[in-house]
Amino acid sequence: MYVDSYCERTAPGLWNEPANAVSNLAFLVAAAVLIGLMGADRRGAPRSVWLLPVLLAVVGVCSLSFHTFATTATAALDTLSILAFILTAVVVLVHWMWRVRWRWAWPAAPAYLVAAVGVNAALLFAGGERATVGGYLPALLGLVGFGVAIRYTAPPAAAGAGRRLLLAGAIFAVSLTLRTLDGPLCGGFHLGTHFLWHVLNATVLFLVGLAVLRRWQDLGSGTVVEGVAEADGEDEQPVGGVLDRDDEQ
């Protein structure tokens with residue numbers, strides 16, 4: 001039994017959703033651009049900065065598998081890959097934007113998860129399944145919340161990251177609207193709008209990864225002076241092999 005969740009799919013088959021499938025290339029392109037930007041930096045980015053582009057590519061591959069095989073297993077992979085990116089991004093943002101030590105940054109992931117479940121449960125209770133907009137409203141609130149918090153509470157040098165996340169939030173709002181309209185517009189537009197959700201979401205995830213990358217580059221450039229706490233045994237070795245002292249928190 002295949003999963004028929006989107007307008008474009010009308011029957012089983014690997015290529016019954018060509019636009020939804022091919023549009024996942026946007027995730028792979030976005031990941032490749034981020035990796036290229038990191039590769040151009042001779043210092044070698046820390047593993048935590050590499051995590052987001054790698055997970056971005058994983059999202060693209062898992063989504064592609066879902067929109068070709070269209071099974072419950074590939075649907076689960078699609079959902080889990082997105083969740084993995086979100087939870088990782090929450091932790092990495094807390095660490096890099098506010099220079100919070102890793103031991104205190106990790107709890108941000110379960111905290112976000114609990115909040116997301118609470119928001120979606122409240123929406124489900126208040127307006128039914130349609131009110132949850134696929135369970136993605138917490139992600140939108142998270143983007144905007146992080147963007148505002150960074151602008152007003154993080155060190156001034158992180159303001160650019162705040163702007164990128166607010167832009168990502170605006171794009172995600174449009175993306176979420178298009179995802180919601182896939183079904184209602186299906187009668188007059190048989191291709192559906194879900195493929196646009198992929199393209200815009202690739203842009204959103206790219207901006208999140210770029211915010212982290214630029215923040216790390218600013219901290220390591222010597223142009224940004226911020227307090228650095230003593231190492232607490234949680235040093236992170238950059239992929240390039242050179243330890244960045246600003247990542248010792």
# chains A, B, ... in the order shown; residues from 1 in each chain; ligands from 1
call {"tool": "residues_around", "arguments": {"residues": "Phe146 of chain A", "least_positions_apart": "4", "cutoff": "8 Å", "atoms": "only C-alpha atoms", "output": "ChimeraX atom specification"}}
result
/A:142,150,162,165
call {"tool": "residues_around", "arguments": {"residues": "Phe66 of chain A", "least_positions_apart": "4", "cutoff": "10 Å", "atoms": "only C-alpha atoms", "output": "list of chain:residue names"}}
result
A:Val3, A:Leu14, A:Glu17, A:Asn20, A:Ala21, A:Gly60, A:Val61, A:Cys62, A:Ala70, A:Thr71, A:Thr72, A:Ala73, A:Thr74, A:Ala75, A:Ala76, A:Leu77, A:Asp78, A:Thr79
call {"tool": "write_last_selection", "arguments": {"atoms": "C-alpha atoms", "output": "JSON list (two decimals), in the first residue's frame"}}
result
[["chain", "number", "residue", "atom", "x", "y", "z"],
["A", 3, "VAL", "CA", 1.20, 6.63, 0.76],
["A", 14, "LEU", "CA", 8.69, 5.62, -8.36],
["A", 17, "GLU", "CA", 5.60, 12.51, -8.22],
["A", 20, "ASN", "CA", 8.03, 16.56, -5.78],
["A", 21, "ALA", "CA", 10.93, 14.17, -6.32],
["A", 60, "GLY", "CA", 17.00, 15.87, 0.74],
["A", 61, "VAL", "CA", 17.81, 12.16, 0.36],
["A", 62, "CYS", "CA", 15.10, 11.06, 2.81],
["A", 70, "ALA", "CA", 5.94, 6.55, -1.03],
["A", 71, "THR", "CA", 5.84, 3.97, 1.77],
["A", 72, "THR", "CA", 5.18, 4.38, 5.47],
["A", 73, "ALA", "CA", 8.86, 3.57, 6.13],
["A", 74, "THR", "CA", 10.15, 6.30, 3.79],
["A", 75, "ALA", "CA", 7.56, 8.71, 5.21],
["A", 76, "ALA", "CA", 9.01, 8.03, 8.66],
["A", 77, "LEU", "CA", 12.54, 8.64, 7.36],
["A", 78, "ASP", "CA", 11.40, 11.94, 5.87],
["A", 79, "THR", "CA", 9.89, 13.09, 9.15]]
call {"tool": "residues_around", "arguments": {"residues": "Ala121 of chain A", "least_positions_apart": "2", "cutoff": "12 Å", "atoms": "only C-alpha atoms", "output": "list in words"}}
result
Val114, Ala115, Ala116, Val117, Gly118, Val119, Leu123, Leu124, Phe125, Ala126, Gly127, Gly128, Glu129, Ala131, Thr132, Val133, Gly134, Gly135, Leu137 and Pro138 of chain A
call {"tool": "residues_around", "arguments": {"residues": "segment 103-111 of chain A", "least_positions_apart": "2", "cutoff": "7 Å", "atoms": "only C-alpha atoms", "output": "PyMOL selection string"}}
result
chain A and resi 87+90-91+94-95+100-101+113-115
call {"tool": "residues_around", "arguments": {"residues": "Ala161 of chain A", "least_positions_apart": "5", "cutoff": "10 Å", "atoms": "only C-alpha atoms", "output": "list of chain:residue names"}}
result
A:Leu93, A:Met97, A:Phe146, A:Gly147, A:Ile150, A:Arg151, A:Ala154, A:Leu166, A:Leu167, A:Leu207, A:Val208, A:Gly209, A:Leu210, A:Ala211, A:Val212, A:Leu213, A:Arg214, A:Arg215
call {"tool": "residues_around", "arguments": {"residues": "segment 47-52 of chain A", "least_positions_apart": "5", "cutoff": "9 Å", "atoms": "only C-alpha atoms", "output": "MDAnalysis selection string"}}
result
chainID A and resid 31 34:35 38 57 85 88:89 92 205:206 208:209 212:213 216 236:239
call {"tool": "closest_residue", "arguments": {"among": "A:Leu55, A:Gln217, A:Arg99, A:His190", "to": "Arg42 of chain A", "atoms": "only C-alpha atoms"}}
result
A:Gln217
call {"tool": "atom_distance", "arguments": {"atom1": "atom CA of Trp98 of chain A", "atom2": "atom CA of Gly36 of chain A"}}
result
25.6 Å
call {"tool": "select_by_dssp", "arguments": {"residues": "segment 8-189 of chain A", "states": "alpha helix (DSSP H)", "output": "ChimeraX atom specification"}}
result
/A:18-22,25-39,47-69,72-98,102-105,108-127,137-153,159-181
call {"tool": "closest_residue", "arguments": {"among": "A:Cys7, A:Val33, A:Leu64, A:Leu143", "to": "Cys186 of chain A", "atoms": "only C-alpha atoms"}}
result
A:Cys7
call {"tool": "atom_distance", "arguments": {"atom1": "atom CA of Thr10 of chain A", "atom2": "atom CA of Leu181 of chain A"}}
result
17.2 Å
call {"tool": "residues_around", "arguments": {"residues": "Ala139 of chain A", "least_positions_apart": "6", "cutoff": "9 Å", "atoms": "only C-alpha atoms", "output": "PDB file with all heavy atoms, in the first residue's frame"}}
result
ATOM      1  N   ILE A  86      16.197  19.884  12.939  1.00  0.00           N
ATOM      2  CA  ILE A  86      15.671  20.922  13.836  1.00  0.00           C
ATOM      3  C   ILE A  86      16.322  20.835  15.216  1.00  0.00           C
ATOM      4  O   ILE A  86      16.794  21.847  15.764  1.00  0.00           O
ATOM      5  CB  ILE A  86      14.139  20.793  13.963  1.00  0.00           C
ATOM      6  CG1 ILE A  86      13.455  21.157  12.635  1.00  0.00           C
ATOM      7  CG2 ILE A  86      13.617  21.708  15.088  1.00  0.00           C
ATOM      8  CD1 ILE A  86      11.963  20.897  12.630  1.00  0.00           C
ATOM      9  N   ALA A 116       7.303  21.875  21.462  1.00  0.00           N
ATOM     10  CA  ALA A 116       6.660  21.596  20.174  1.00  0.00           C
ATOM     11  C   ALA A 116       5.469  20.653  20.341  1.00  0.00           C
ATOM     12  O   ALA A 116       4.393  20.874  19.756  1.00  0.00           O
ATOM     13  CB  ALA A 116       7.668  20.992  19.200  1.00  0.00           C
ATOM     14  N   GLY A 169      12.553  32.662   8.756  1.00  0.00           N
ATOM     15  CA  GLY A 169      11.200  32.546   9.286  1.00  0.00           C
ATOM     16  C   GLY A 169      10.154  33.074   8.321  1.00  0.00           C
ATOM     17  O   GLY A 169       9.091  32.470   8.138  1.00  0.00           O
ATOM     18  N   PHE A 172       9.839  30.624   5.534  1.00  0.00           N
ATOM     19  CA  PHE A 172       9.164  29.414   5.989  1.00  0.00           C
ATOM     20  C   PHE A 172       7.658  29.632   6.127  1.00  0.00           C
ATOM     21  O   PHE A 172       6.874  28.703   5.903  1.00  0.00           O
ATOM     22  CB  PHE A 172       9.757  28.944   7.318  1.00  0.00           C
ATOM     23  CG  PHE A 172       9.267  27.593   7.745  1.00  0.00           C
ATOM     24  CD1 PHE A 172       9.540  26.471   6.981  1.00  0.00           C
ATOM     25  CD2 PHE A 172       8.531  27.435   8.913  1.00  0.00           C
ATOM     26  CE1 PHE A 172       9.085  25.214   7.365  1.00  0.00           C
ATOM     27  CE2 PHE A 172       8.076  26.195   9.313  1.00  0.00           C
ATOM     28  CZ  PHE A 172       8.351  25.075   8.540  1.00  0.00           C
TER      29      PHE A 172
END
call {"tool": "atom_distance", "arguments": {"atom1": "atom CA of Leu200 of chain A", "atom2": "atom CA of Glu8 of chain A"}}
result
17.8 Å
